[in-house]
$ cat entry-v7.txt   # compact mmCIF, C-alpha atoms
# COMPACT_ATOMS: atom_id res chain seq x y z
CA MET M 1 19.12 279.54 -126.96
CA ARG M 2 18.42 281.59 -130.09
CA ILE M 3 20.55 284.74 -130.36
CA ALA M 4 20.17 287.61 -132.81
CA ILE M 5 23.50 289.22 -133.67
CA ILE M 6 23.23 292.59 -135.41
CA SER M 7 26.02 293.88 -137.65
CA LEU M 8 24.38 296.65 -139.61
CA HIS M 9 27.21 298.48 -141.32
CA THR M 10 29.65 295.65 -142.10
CA SER M 11 28.49 292.31 -143.42
CA PRO M 12 30.18 289.30 -141.77
CA TYR M 13 29.27 287.28 -144.87
CA THR M 14 32.01 289.03 -146.84
CA ALA M 15 34.62 289.34 -144.08
CA LEU M 16 38.13 289.54 -145.49
CA GLY M 17 41.49 289.54 -143.81
CA THR M 18 41.97 293.27 -144.04
CA GLY M 19 40.06 296.26 -145.28
CA ASP M 20 37.24 298.58 -144.26
CA GLY M 21 35.63 297.18 -141.14
CA GLY M 22 37.61 293.95 -141.47
CA GLY M 23 38.42 293.54 -137.80
CA MET M 24 34.84 293.91 -136.67
CA ASN M 25 33.62 291.65 -139.48
CA VAL M 26 36.00 288.96 -138.29
CA VAL M 27 34.85 289.24 -134.68
CA VAL M 28 31.18 289.02 -135.65
CA ARG M 29 31.60 286.14 -138.06
CA GLU M 30 33.94 284.07 -135.91
CA THR M 31 31.73 284.59 -132.86
CA ALA M 32 28.61 283.51 -134.76
CA GLU M 33 30.21 280.44 -136.31
CA SER M 34 31.78 279.37 -133.01
CA LEU M 35 28.43 279.70 -131.26
CA GLY M 36 26.97 277.57 -134.03
CA GLN M 37 29.58 274.92 -133.30
CA LEU M 38 28.20 274.83 -129.77
CA GLY M 39 24.88 273.76 -131.29
CA GLN M 40 24.84 270.59 -129.20
CA LEU M 41 24.15 272.93 -126.29
CA GLY M 42 21.13 274.31 -128.11
CA HIS M 43 22.72 277.49 -129.46
CA ARG M 44 21.30 278.99 -132.67
CA VAL M 45 22.41 282.28 -134.21
CA GLU M 46 20.44 284.60 -136.44
CA LEU M 47 22.77 287.21 -137.98
CA PHE M 48 21.28 290.42 -139.37
CA THR M 49 23.01 292.87 -141.68
CA ARG M 50 22.15 295.60 -144.20
CA ARG M 51 21.78 294.77 -147.88
CA ASP M 52 24.63 296.35 -149.86
CA ASP M 53 24.20 294.23 -152.99
CA PRO M 54 20.85 293.68 -154.76
CA GLU M 55 21.85 290.08 -155.59
CA THR M 56 22.30 289.04 -151.95
CA PRO M 57 19.63 286.52 -150.88
CA ASP M 58 17.32 287.40 -148.01
CA VAL M 59 18.41 284.40 -145.93
CA VAL M 60 21.42 282.11 -146.29
CA GLU M 61 22.77 279.26 -144.17
CA MET M 62 26.14 280.73 -143.32
CA ALA M 63 27.38 277.82 -141.19
CA PRO M 64 25.82 275.02 -139.13
CA GLY M 65 23.51 276.67 -136.61
CA VAL M 66 23.97 280.13 -138.18
CA ARG M 67 21.65 281.93 -140.59
CA LEU M 68 22.42 285.29 -142.15
CA HIS M 69 19.47 287.61 -142.79
CA THR M 70 19.96 290.57 -145.12
CA LEU M 71 17.57 293.48 -144.59
CA ASP M 72 16.73 296.43 -146.83
CA ALA M 73 17.80 299.78 -145.39
CA GLY M 74 18.65 302.44 -147.92
CA PRO M 75 20.15 301.78 -151.36
CA ALA M 76 21.42 298.24 -151.98
CA LYS M 77 25.05 299.28 -152.43
CA PRO M 78 28.07 299.90 -150.20
CA LEU M 79 27.76 303.19 -148.32
CA PRO M 80 30.21 305.18 -146.22
CA LYS M 81 29.56 304.65 -142.53
CA SER M 82 28.77 308.34 -142.30
CA ARG M 83 25.65 307.79 -144.46
CA ILE M 84 24.29 304.51 -143.16
CA ASP M 85 22.67 306.01 -140.09
CA ASP M 86 20.24 307.89 -142.36
CA TYR M 87 18.49 304.53 -142.76
CA LEU M 88 18.40 303.20 -139.20
CA ASP M 89 14.59 303.44 -138.99
CA GLN M 90 14.29 301.29 -142.11
CA PHE M 91 16.61 298.69 -140.59
CA THR M 92 14.60 298.70 -137.34
CA HIS M 93 11.41 298.12 -139.33
CA GLY M 94 12.95 295.22 -141.26
CA LEU M 95 14.39 293.66 -138.11
CA ARG M 96 11.04 293.91 -136.30
CA ARG M 97 9.28 292.19 -139.19
CA ARG M 98 11.88 289.41 -139.54
CA VAL M 99 12.06 288.49 -135.86
CA GLY M 100 8.26 288.46 -135.84
CA GLU M 101 8.36 285.92 -138.67
CA LEU M 102 10.80 283.79 -136.67
CA ALA M 103 8.51 283.88 -133.66
CA ALA M 104 5.60 282.77 -135.85
CA MET M 105 7.69 279.76 -136.88
CA ALA M 106 8.27 278.88 -133.20
CA GLU M 107 11.84 280.19 -133.41
CA PRO M 108 11.67 283.20 -131.09
CA VAL M 109 14.77 285.31 -130.47
CA GLU M 110 15.80 285.22 -126.79
CA LEU M 111 18.57 287.84 -126.79
CA ILE M 112 19.91 290.53 -129.14
CA HIS M 113 23.62 291.37 -129.32
CA SER M 114 24.38 294.48 -131.39
CA HIS M 115 27.79 295.37 -132.81
CA HIS M 116 28.67 299.07 -133.24
CA TRP M 117 26.53 302.00 -132.17
CA MET M 118 24.32 302.06 -135.28
CA SER M 119 23.28 298.46 -134.79
CA GLY M 120 22.51 299.18 -131.15
CA VAL M 121 20.33 302.20 -131.91
CA ALA M 122 18.44 300.23 -134.56
CA ALA M 123 17.99 297.03 -132.51
CA LEU M 124 17.34 298.37 -129.00
CA PRO M 125 13.66 299.26 -129.68
CA VAL M 126 13.05 295.75 -131.05
CA ALA M 127 14.64 294.14 -127.99
CA ARG M 128 12.44 296.21 -125.71
CA GLU M 129 9.30 295.28 -127.68
CA LEU M 130 10.22 291.59 -127.46
CA GLY M 131 11.10 291.85 -123.78
CA VAL M 132 14.52 290.26 -124.35
CA PRO M 133 17.96 291.42 -123.15
CA HIS M 134 19.97 293.77 -125.36
CA LEU M 135 23.76 293.42 -125.28
CA LEU M 136 26.11 295.81 -127.05
CA SER M 137 29.68 295.77 -128.33
CA TYR M 138 30.95 299.17 -129.47
CA HIS M 139 34.19 298.30 -131.35
CA SER M 140 34.89 302.03 -131.60
CA VAL M 141 33.70 305.08 -129.71
CA ALA M 142 33.52 308.58 -131.18
CA ALA M 143 35.91 311.23 -130.00
CA GLU M 144 34.27 314.18 -128.30
CA PRO M 145 33.97 317.38 -130.37
CA GLY M 146 37.23 319.29 -130.52
CA HIS M 147 39.45 316.28 -129.81
CA PRO M 148 42.13 315.56 -132.43
CA LEU M 149 41.94 312.40 -134.51
CA SER M 150 44.65 310.81 -132.38
CA GLU M 151 42.21 310.64 -129.47
CA GLY M 152 39.86 308.31 -131.39
CA GLU M 153 37.57 308.19 -134.37
CA PRO M 154 35.77 311.46 -135.01
CA PRO M 155 31.98 311.59 -134.93
CA GLU M 156 30.62 310.40 -138.25
CA SER M 157 27.33 312.27 -137.92
CA PRO M 158 25.47 314.43 -135.38
CA ARG M 159 23.55 311.30 -134.35
CA ARG M 160 26.56 309.32 -133.18
CA LEU M 161 27.37 310.93 -129.82
CA PRO M 162 23.77 310.91 -128.53
CA GLY M 163 23.26 307.44 -130.00
CA GLU M 164 26.28 306.05 -128.19
CA ALA M 165 25.13 307.61 -124.92
CA LEU M 166 21.60 306.25 -125.33
CA ILE M 167 22.64 302.65 -125.85
CA ALA M 168 25.18 302.90 -123.02
CA ARG M 169 22.36 303.83 -120.66
CA GLU M 170 19.69 301.48 -122.00
CA SER M 171 21.52 298.26 -122.92
CA ASP M 172 21.42 295.44 -120.39
CA LEU M 173 25.12 294.72 -120.78
CA ILE M 174 28.07 296.17 -122.70
CA VAL M 175 30.55 293.56 -123.88
CA ALA M 176 33.91 295.33 -124.24
CA VAL M 177 36.89 293.72 -125.96
CA SER M 178 39.40 295.30 -123.57
CA LYS M 179 39.72 297.11 -120.27
CA ALA M 180 40.73 300.17 -122.29
CA GLU M 181 37.47 300.08 -124.25
CA ALA M 182 35.50 299.67 -121.02
CA ARG M 183 37.13 302.78 -119.57
CA THR M 184 36.37 304.73 -122.74
CA VAL M 185 32.70 303.71 -122.72
CA ILE M 186 32.39 304.75 -119.07
CA GLU M 187 34.14 308.09 -119.57
CA ARG M 188 32.66 309.15 -122.92
CA CYS M 189 29.26 307.47 -122.92
CA GLY M 190 28.35 307.46 -119.24
CA ALA M 191 28.00 303.67 -119.02
CA ASP M 192 27.43 302.03 -115.65
CA PRO M 193 30.63 300.11 -114.74
CA ALA M 194 28.46 297.40 -113.16
CA ARG M 195 26.93 296.64 -116.56
CA ILE M 196 30.17 296.10 -118.47
CA ALA M 197 31.89 292.76 -119.09
CA VAL M 198 35.35 292.54 -120.66
CA LEU M 199 35.92 289.59 -122.98
CA HIS M 200 39.02 289.56 -125.17
CA PRO M 201 38.35 288.29 -128.69
CA GLY M 202 39.66 284.94 -129.86
CA VAL M 203 41.95 284.00 -132.70
CA ASP M 204 41.73 281.27 -135.33
CA THR M 205 44.78 279.22 -134.37
CA ASN M 206 44.27 276.85 -137.29
CA LEU M 207 44.37 279.63 -139.87
CA PHE M 208 46.93 281.80 -138.10
CA ARG M 209 49.96 279.63 -137.37
CA PRO M 210 53.74 279.76 -137.79
CA ILE M 211 55.22 279.02 -141.17
CA ALA M 212 55.99 275.30 -141.45
CA PRO M 213 59.42 273.88 -142.32
CA GLY M 214 59.74 273.83 -146.09
CA GLU M 215 56.58 275.89 -146.61
CA THR M 216 56.79 278.50 -149.34
CA SER M 217 56.66 282.03 -148.02
CA TRP M 218 54.05 284.46 -149.28
CA ARG M 219 55.45 286.68 -152.00
CA CYS M 220 53.77 289.31 -154.12
CA CYS M 221 56.94 289.92 -156.16
CA ASP M 222 60.62 289.01 -156.20
CA MET M 223 61.32 290.90 -153.02
CA GLY M 224 64.66 289.33 -152.12
CA ARG M 225 64.61 290.70 -148.58
CA PRO M 226 62.30 290.41 -145.57
CA PHE M 227 59.16 292.46 -145.22
CA VAL M 228 57.30 294.00 -142.33
CA LEU M 229 53.51 294.11 -142.50
CA PHE M 230 51.06 296.93 -141.85
CA ALA M 231 47.51 295.51 -141.99
CA ALA M 232 44.60 297.90 -141.47
CA ARG M 233 42.22 300.23 -143.21
CA LEU M 234 44.07 303.10 -144.84
CA GLN M 235 43.04 306.08 -142.77
CA PRO M 236 44.92 308.52 -140.52
CA LEU M 237 43.74 306.82 -137.33
CA LYS M 238 45.72 303.67 -138.19
CA GLY M 239 49.04 305.54 -138.50
CA PRO M 240 50.50 304.29 -141.81
CA ASP M 241 52.36 307.61 -142.04
CA LEU M 242 54.34 306.67 -138.91
CA ALA M 243 55.26 303.31 -140.48
CA LEU M 244 56.62 305.13 -143.53
CA GLU M 245 58.49 307.69 -141.43
CA ALA M 246 60.11 304.87 -139.44
CA LEU M 247 61.02 302.94 -142.60
CA ALA M 248 62.86 305.98 -143.96
CA ARG M 249 65.06 306.09 -140.84
CA ILE M 250 66.22 302.48 -141.05
CA ASP M 251 69.72 301.85 -142.42
CA PRO M 252 69.29 300.94 -146.10
CA GLN M 253 71.62 297.96 -145.50
CA VAL M 254 68.96 296.29 -143.32
CA ARG M 255 65.84 298.14 -144.46
CA PRO M 256 62.97 295.71 -145.15
CA HIS M 257 60.11 296.11 -147.54
CA LEU M 258 56.93 297.48 -146.01
CA VAL M 259 53.79 295.68 -147.20
CA ILE M 260 50.62 297.75 -146.67
CA ALA M 261 47.58 295.47 -146.67
CA GLY M 262 44.23 297.20 -146.54
CA GLU M 263 41.81 299.28 -148.54
CA VAL M 264 40.95 302.94 -148.20
CA SER M 265 37.77 303.61 -146.23
CA ALA M 266 35.05 305.35 -148.21
CA ASP M 267 35.25 308.26 -145.79
CA PHE M 268 38.96 308.72 -146.61
CA ALA M 269 38.93 308.25 -150.37
CA ASP M 270 42.03 310.41 -151.06
CA TYR M 271 44.22 309.01 -148.31
CA HIS M 272 45.96 306.38 -150.46
CA SER M 273 47.31 309.15 -152.67
CA GLU M 274 48.51 311.05 -149.61
CA ILE M 275 50.40 307.99 -148.39
CA GLU M 276 51.99 307.47 -151.80
CA ARG M 277 53.14 311.10 -151.91
CA LEU M 278 54.62 310.77 -148.43
CA ALA M 279 56.52 307.61 -149.44
CA HIS M 280 57.96 309.42 -152.49
CA GLY M 281 58.88 312.44 -150.39
CA LEU M 282 60.70 310.23 -147.88
CA GLY M 283 62.56 308.37 -150.61
CA VAL M 284 61.11 304.96 -149.73
CA ALA M 285 58.52 304.53 -152.49
CA GLY M 286 60.52 301.63 -153.92
CA ASP M 287 60.45 299.87 -150.56
CA VAL M 288 56.66 299.94 -150.19
CA ILE M 289 54.26 297.36 -151.61
CA TYR M 290 50.50 297.99 -151.57
CA SER M 291 48.73 294.65 -151.52
CA GLY M 292 45.15 295.82 -150.98
CA SER M 293 42.68 293.74 -149.00
CA ARG M 294 43.18 289.98 -149.19
CA PRO M 295 40.97 286.94 -148.46
CA ARG M 296 41.54 285.49 -145.02
CA ALA M 297 43.59 282.46 -146.11
CA GLU M 298 45.98 284.55 -148.18
CA PHE M 299 46.17 287.19 -145.46
CA ALA M 300 47.16 284.50 -142.95
CA ALA M 301 49.90 283.27 -145.32
CA MET M 302 51.09 286.86 -145.71
CA MET M 303 51.20 287.32 -141.94
CA ARG M 304 53.20 284.21 -141.09
CA SER M 305 55.69 285.11 -143.82
CA ALA M 306 56.29 288.60 -142.43
CA ARG M 307 59.32 289.37 -140.31
CA LEU M 308 57.38 291.78 -138.10
CA ILE M 309 53.85 293.18 -137.73
CA LEU M 310 53.52 296.96 -137.27
CA VAL M 311 50.48 298.43 -135.49
CA PRO M 312 51.13 302.20 -135.18
CA SER M 313 47.49 303.16 -134.58
CA HIS M 314 46.53 306.30 -132.67
CA SER M 315 43.63 304.37 -131.11
CA GLU M 316 42.54 300.71 -130.95
CA THR M 317 39.88 299.10 -128.80
CA PHE M 318 41.93 295.87 -128.83
CA GLY M 319 44.01 295.22 -131.94
CA LEU M 320 42.95 291.84 -133.33
CA VAL M 321 45.75 291.88 -135.90
CA ALA M 322 48.27 291.84 -133.03
CA LEU M 323 46.72 288.64 -131.66
CA GLU M 324 46.76 287.09 -135.14
CA GLY M 325 50.43 288.04 -135.41
CA ALA M 326 51.18 286.31 -132.09
CA ALA M 327 49.40 283.16 -133.30
CA SER M 328 51.52 283.31 -136.46
CA GLY M 329 54.74 283.40 -134.45
CA VAL M 330 55.54 286.91 -135.68
CA PRO M 331 56.56 289.61 -133.17
CA VAL M 332 54.42 292.75 -133.10
CA ILE M 333 55.59 296.34 -132.70
CA ALA M 334 52.67 298.47 -131.56
CA SER M 335 51.82 301.88 -130.20
CA ALA M 336 50.81 302.34 -126.57
CA ALA M 337 47.23 303.07 -127.61
CA GLY M 338 44.06 301.77 -125.97
CA GLY M 339 43.69 298.00 -126.00
CA LEU M 340 47.02 297.38 -127.75
CA ILE M 341 48.73 297.23 -124.38
CA GLU M 342 46.46 294.24 -123.68
CA SER M 343 46.79 292.49 -127.05
CA VAL M 344 50.59 292.92 -127.09
CA GLU M 345 52.55 291.87 -124.01
CA ASP M 346 55.52 294.21 -124.04
CA GLY M 347 58.76 292.24 -123.95
CA ARG M 348 56.99 288.90 -124.27
CA THR M 349 55.05 288.89 -127.56
CA GLY M 350 56.33 292.11 -129.05
CA ILE M 351 57.36 295.67 -128.30
CA ILE M 352 55.14 298.54 -127.20
CA VAL M 353 56.66 301.82 -128.37
CA PRO M 354 55.63 304.52 -125.88
CA THR M 355 56.16 307.43 -128.27
CA ARG M 356 55.24 308.35 -131.83
CA ASP M 357 58.80 309.43 -132.60
CA PRO M 358 59.70 307.74 -135.93
CA GLN M 359 63.28 307.20 -134.76
CA ASP M 360 62.07 305.20 -131.75
CA TRP M 361 60.05 303.02 -134.12
CA ALA M 362 62.98 302.66 -136.51
CA ASP M 363 65.21 301.57 -133.63
CA ALA M 364 62.70 298.94 -132.47
CA ILE M 365 62.26 297.58 -136.00
CA SER M 366 66.03 297.49 -136.63
CA ARG M 367 66.66 295.69 -133.36
CA LEU M 368 64.28 292.85 -134.16
CA LEU M 369 65.52 292.61 -137.73
CA THR M 370 69.11 292.09 -136.61
CA ASP M 371 68.77 290.32 -133.24
CA ARG M 372 67.67 286.82 -134.18
CA GLN M 373 67.67 285.58 -130.58
CA GLU M 374 65.35 288.38 -129.43
CA HIS M 375 63.10 287.83 -132.44
CA GLU M 376 62.86 284.12 -131.66
CA ARG M 377 62.12 284.76 -127.98
CA LEU M 378 59.21 287.08 -128.83
CA SER M 379 57.95 284.64 -131.44
CA PHE M 380 57.73 281.82 -128.88
CA GLY M 381 56.16 284.22 -126.40
CA GLY M 382 53.40 285.03 -128.88
CA LEU M 383 52.63 281.37 -129.45
CA ALA M 384 52.39 280.78 -125.71
CA ARG M 385 50.16 283.86 -125.39
CA VAL M 386 47.41 282.51 -127.65
CA GLN M 387 47.10 279.10 -126.01
CA GLY M 388 43.50 278.73 -124.83
CA GLN M 389 42.42 281.86 -126.71
CA ASP M 390 40.78 280.27 -129.74
CA TRP M 391 37.38 281.49 -130.94
CA LEU M 392 35.49 278.48 -129.62
CA THR M 393 36.74 279.15 -126.09
CA ALA M 394 36.01 282.89 -126.37
CA SER M 395 32.50 282.23 -127.68
CA ALA M 396 31.79 279.70 -124.93
CA ARG M 397 32.50 282.45 -122.38
CA LEU M 398 30.18 284.77 -124.28
CA ALA M 399 27.48 282.10 -124.34
CA GLU M 400 27.67 281.95 -120.53
CA LEU M 401 26.92 285.69 -120.41
CA TYR M 402 24.01 285.19 -122.79
CA ALA M 403 22.54 282.38 -120.70
CA THR M 404 22.82 284.41 -117.50
CA HIS M 405 20.98 287.38 -119.00
CA ILE M 406 18.30 285.23 -120.61
CA ALA M 407 17.67 283.46 -117.29
CA THR M 408 17.54 286.78 -115.43
CA SER M 409 15.08 288.33 -117.87
CA ALA M 410 12.85 285.24 -117.71
CA ALA M 411 12.77 285.09 -113.92
CA PRO M 412 9.53 286.31 -112.35
CA ALA M 413 9.70 289.63 -110.55
CA PRO M 414 10.06 289.20 -106.78
CA ALA M 415 6.90 289.72 -104.74
CA HIS M 416 6.81 292.87 -102.62
CA HIS M 417 5.40 292.75 -99.10
CA GLY M 418 4.69 295.32 -96.47
CA GLU M 419 3.74 298.97 -96.78
CA THR M 420 3.71 300.45 -100.25
CA GLY M 421 4.83 303.97 -100.98
CA ARG M 422 2.31 306.72 -101.35
$ encode --input "entry-v7.txt" --output "C-alpha cells"
Amino acid sequence: MRIAIISLHTSPYTALGTGDGGGMNVVVRETAESLGQLGQLGHRVELFTRRDDPETPDVVEMAPGVRLHTLDAGPAKPLPKSRIDDYLDQFTHGLRRRVGELAAMAEPVELIHSHHWMSGVAALPVARELGVPHLLSYHSVAAEPGHPLSEGEPPESPRRLPGEALIARESDLIVAVSKAEARTVIERCGADPARIAVLHPGVDTNLFRPIAPGETSWRCCDMGRPFVLFAARLQPLKGPDLALEALARIDPQVRPHLVIAGEVSADFADYHSEIERLAHGLGVAGDVIYSGSRPRAEFAAMMRSARLILVPSHSETFGLVALEGAASGVPVIASAAGGLIESVEDGRTGIIVPTRDPQDWADAISRLLTDRQEHERLSFGGLARVQGQDWLTASARLAELYATHIATSAAPAPAHHGETGR
C-alpha cells in the first residue's frame, strides 16, 4: 500500500516541539513515520510538501519506508499561510508530475491523504485523475464571516471558505481528530456525516514521559520556583493573554513562573509585543519567560519539568499538547473549547475551566500548585489515559481505513440488471 500524504503549508521535515504549525507538523510526521514502521505489512509513504528553502533536496529518505518530496510552488522561502494559496495551481502541477514519475517506476500511489484545506484543494484533482481515494484532515476550519476570533480561526483568504466546502463535498473520507472537529466540519462545511471518521491522534510515549528520579529538571535560568507552561503559537486564538491575566491574580507567595514556548505566526507579527506590554501592565513581566520554539527533545524535557500545562485556547480541534502533558505526568488546565474536552478528562487528567474569567483560572492554578495530593492524582490519571494511545497504534487504525478505501475503490462496479431508466 503506497500512500501519498500532502502537507503543503507546513513541512513535517522541520517539525519542532512548538511554533507555527507545530501541532499539525507533528501529527503528519509521526503518522508517516509510524506507517513506515508498519512496512512489514507493505506500507510505503510518499510525503509531499512545498519548498520553503532553495537548499532543500527534491527527495529525501525521511525514515524507513518514508520519502519526503519537496515541490516548487511560489518563492522558495517561508510564507504566511494567507499567501500560500496563491500558488496552489503550481503545487497541483508539481504533484501531478511527481506521482506520474512514481507510476512510471512501478510505484503507483494508491491513496492520497491531504492535511489542511490548501493541501486538499491542491491534491483532490490529482486523486481524481489517478482514480484513487482522497482522504482529508482539516486540523482547523475557518470561522464564518462576522464571527469573532474566539469562534475559530478567521478566513485567511477569500478562497478558504469555498475551498473547505468543496473538499468536504468531494473527498471520499474526512478523518477528524475529535468529535468536536467532526461537528464543525458538518456544520460549517456541509460534510456528509456518513463520510467522517474520528481518530484521536497518538502521542510519543518514549519522548513524552514523567521526569525520572534524580533527573535534572529543564531550566532556562535560575528560576528557583516552579513554572507553568504555555506551549503554542503566539496568536490571539491560543489565549496567552488569559494565561497572563490569571498569573497576575495568583498570590505572589505561591505565584509560579510562566514559560511561554512558541513563536509568533507570520500573520500575527506584532503579537509578541502586545503580550509583553500586557505582562508589564499587569505587573508580572518579571514572572514570564519567553523560550521561543524548541526542538522536540528539549520541548519534552521542558514539559515534564513543568508543574502544570496551560491550554487557554479559544478554539482547538483536539489539543495535542494536552495529550503530551498527560504522557509527561503533568496535569493540564484547559478551556472548554472544541476538542480539548476530549483530550483532557476533567477531574482525571486535568481541569477544564468552563469560563474565561481570569480569577477562575487563577483559582484552578493555585489549587494544583498547593494541593500535592490532587496534583499527584491527576498526574497518575494522565499516565493511565495515554496507555494504548501511542503513534504506532493510532497509525495502525488509520492504515485500516486506508486499506478499506483502497479495496472499495478497486472493486468492480456491480452489474445492473432489469429495466434501465429512460
$ residues_around --input "entry-v7.txt" --residues "stretch 81-92 of chain M" --least-positions-apart "4" --cutoff "10 Å" --atoms "only C-alpha atoms" --output "PyMOL selection string"
chain M and resi 8-10+20-21+48-51+70-75+96-98+117-126+155-160+265-267
$ residues_around --input "entry-v7.txt" --residues "stretch 268-282 of chain M" --least-positions-apart "3" --cutoff "12 Å" --atoms "all atoms listed in the file" --output "JSON, numbers by chain"
{"M": [20, 80, 81, 82, 156, 233, 234, 235, 236, 237, 238, 239, 240, 241, 242, 243, 244, 245, 246, 247, 248, 249, 250, 258, 260, 261, 262, 263, 264, 265, 285, 286, 287, 288, 289, 290, 292]}
$ write_last_selection --input "entry-v7.txt" --atoms "C-alpha atoms" --output "JSON list (two decimals), in the frame of the given file"
[["chain", "number", "residue", "atom", "x", "y", "z"],
["M", 20, "ASP", "CA", 37.24, 298.58, -144.26],
["M", 80, "PRO", "CA", 30.21, 305.18, -146.22],
["M", 81, "LYS", "CA", 29.56, 304.65, -142.53],
["M", 82, "SER", "CA", 28.77, 308.34, -142.30],
["M", 156, "GLU", "CA", 30.62, 310.40, -138.25],
["M", 233, "ARG", "CA", 42.22, 300.23, -143.21],
["M", 234, "LEU", "CA", 44.07, 303.10, -144.84],
["M", 235, "GLN", "CA", 43.04, 306.08, -142.77],
["M", 236, "PRO", "CA", 44.92, 308.52, -140.52],
["M", 237, "LEU", "CA", 43.74, 306.82, -137.33],
["M", 238, "LYS", "CA", 45.72, 303.67, -138.19],
["M", 239, "GLY", "CA", 49.04, 305.54, -138.50],
["M", 240, "PRO", "CA", 50.50, 304.29, -141.81],
["M", 241, "ASP", "CA", 52.36, 307.61, -142.04],
["M", 242, "LEU", "CA", 54.34, 306.67, -138.91],
["M", 243, "ALA", "CA", 55.26, 303.31, -140.48],
["M", 244, "LEU", "CA", 56.62, 305.13, -143.53],
["M", 245, "GLU", "CA", 58.49, 307.69, -141.43],
["M", 246, "ALA", "CA", 60.11, 304.87, -139.44],
["M", 247, "LEU", "CA", 61.02, 302.94, -142.60],
["M", 248, "ALA", "CA", 62.86, 305.98, -143.96],
["M", 249, "ARG", "CA", 65.06, 306.09, -140.84],
["M", 250, "ILE", "CA", 66.22, 302.48, -141.05],
["M", 258, "LEU", "CA", 56.93, 297.48, -146.01],
["M", 260, "ILE", "CA", 50.62, 297.75, -146.67],
["M", 261, "ALA", "CA", 47.58, 295.47, -146.67],
["M", 262, "GLY", "CA", 44.23, 297.20, -146.54],
["M", 263, "GLU", "CA", 41.81, 299.28, -148.54],
["M", 264, "VAL", "CA", 40.95, 302.94, -148.20],
["M", 265, "SER", "CA", 37.77, 303.61, -146.23],
["M", 285, "ALA", "CA", 58.52, 304.53, -152.49],
["M", 286, "GLY", "CA", 60.52, 301.63, -153.92],
["M", 287, "ASP", "CA", 60.45, 299.87, -150.56],
["M", 288, "VAL", "CA", 56.66, 299.94, -150.19],
["M", 289, "ILE", "CA", 54.26, 297.36, -151.61],
["M", 290, "TYR", "CA", 50.50, 297.99, -151.57],
["M", 292, "GLY", "CA", 45.15, 295.82, -150.98]]
$ closest_residue --input "entry-v7.txt" --among "M:Gly382, M:Gly131, M:Pro108, M:Gly339" --to "M:Val198" --atoms "all atoms listed in the file"
M:Gly339
$ closest_residue --input "entry-v7.txt" --among "M:Arg255, M:Ser34, M:Asn25, M:Arg2" --to "M:Ala106" --atoms "only C-alpha atoms"
M:Arg2
$ atom_distance --input "entry-v7.txt" --atom1 "atom CA of M:Trp218" --atom2 "atom CA of M:Met302"
5.2 Å
$ residues_around --input "entry-v7.txt" --residues "stretch 187-196 of chain M" --least-positions-apart "4" --cutoff "9 Å" --atoms "only C-alpha atoms" --output "list in words"
Val141, Ala142, Ala143, Glu144, Leu161, Pro162, Glu164, Ala165, Leu166, Ile167, Ala168, Arg169, Ser171, Asp172, Leu173, Ile174, Val175, Ala176, Ala182 and Arg183 of chain M
$ atom_distance --input "entry-v7.txt" --atom1 "atom CA of M:Ser313" --atom2 "atom CA of M:Ala232"
9.1 Å
$ atom_distance --input "entry-v7.txt" --atom1 "atom CA of M:Thr408" --atom2 "atom CA of M:Ser7"
24.8 Å
$ residues_around --input "entry-v7.txt" --residues "stretch 110-114 of chain M" --least-positions-apart "2" --cutoff "7 Å" --atoms "all atoms listed in the file" --output "PyMOL selection string"
chain M and resi 1-7+108+116+119-120+123+127+132-137+406
$ write_last_selection --input "entry-v7.txt" --atoms "C-alpha atoms" --output "compact mmCIF listing (two decimals), in the frame of the given file"
# COMPACT_ATOMS: atom_id res chain seq x y z
CA MET M 1 19.12 279.54 -126.96
CA ARG M 2 18.42 281.59 -130.09
CA ILE M 3 20.55 284.74 -130.36
CA ALA M 4 20.17 287.61 -132.81
CA ILE M 5 23.50 289.22 -133.67
CA ILE M 6 23.23 292.59 -135.41
CA SER M 7 26.02 293.88 -137.65
CA PRO M 108 11.67 283.20 -131.09
CA HIS M 116 28.67 299.07 -133.24
CA SER M 119 23.28 298.46 -134.79
CA GLY M 120 22.51 299.18 -131.15
CA ALA M 123 17.99 297.03 -132.51
CA ALA M 127 14.64 294.14 -127.99
CA VAL M 132 14.52 290.26 -124.35
CA PRO M 133 17.96 291.42 -123.15
CA HIS M 134 19.97 293.77 -125.36
CA LEU M 135 23.76 293.42 -125.28
CA LEU M 136 26.11 295.81 -127.05
CA SER M 137 29.68 295.77 -128.33
CA ILE M 406 18.30 285.23 -120.61
$ closest_residue --input "entry-v7.txt" --among "M:Val59, M:Met105, M:Ala327, M:Val27" --to "M:His200" --atoms "all atoms listed in the file"
M:Val27
$ residues_around --input "entry-v7.txt" --residues "M:Glu345" --least-positions-apart "4" --cutoff "9 Å" --atoms "only C-alpha atoms" --output "ChimeraX atom specification"
/M:340-341,349-352,381-382,385
$ closest_residue --input "entry-v7.txt" --among "M:Ser409, M:Gln387, M:Ser395, M:Ser343" --to "M:Ser178" --atoms "only C-alpha atoms"
M:Ser343
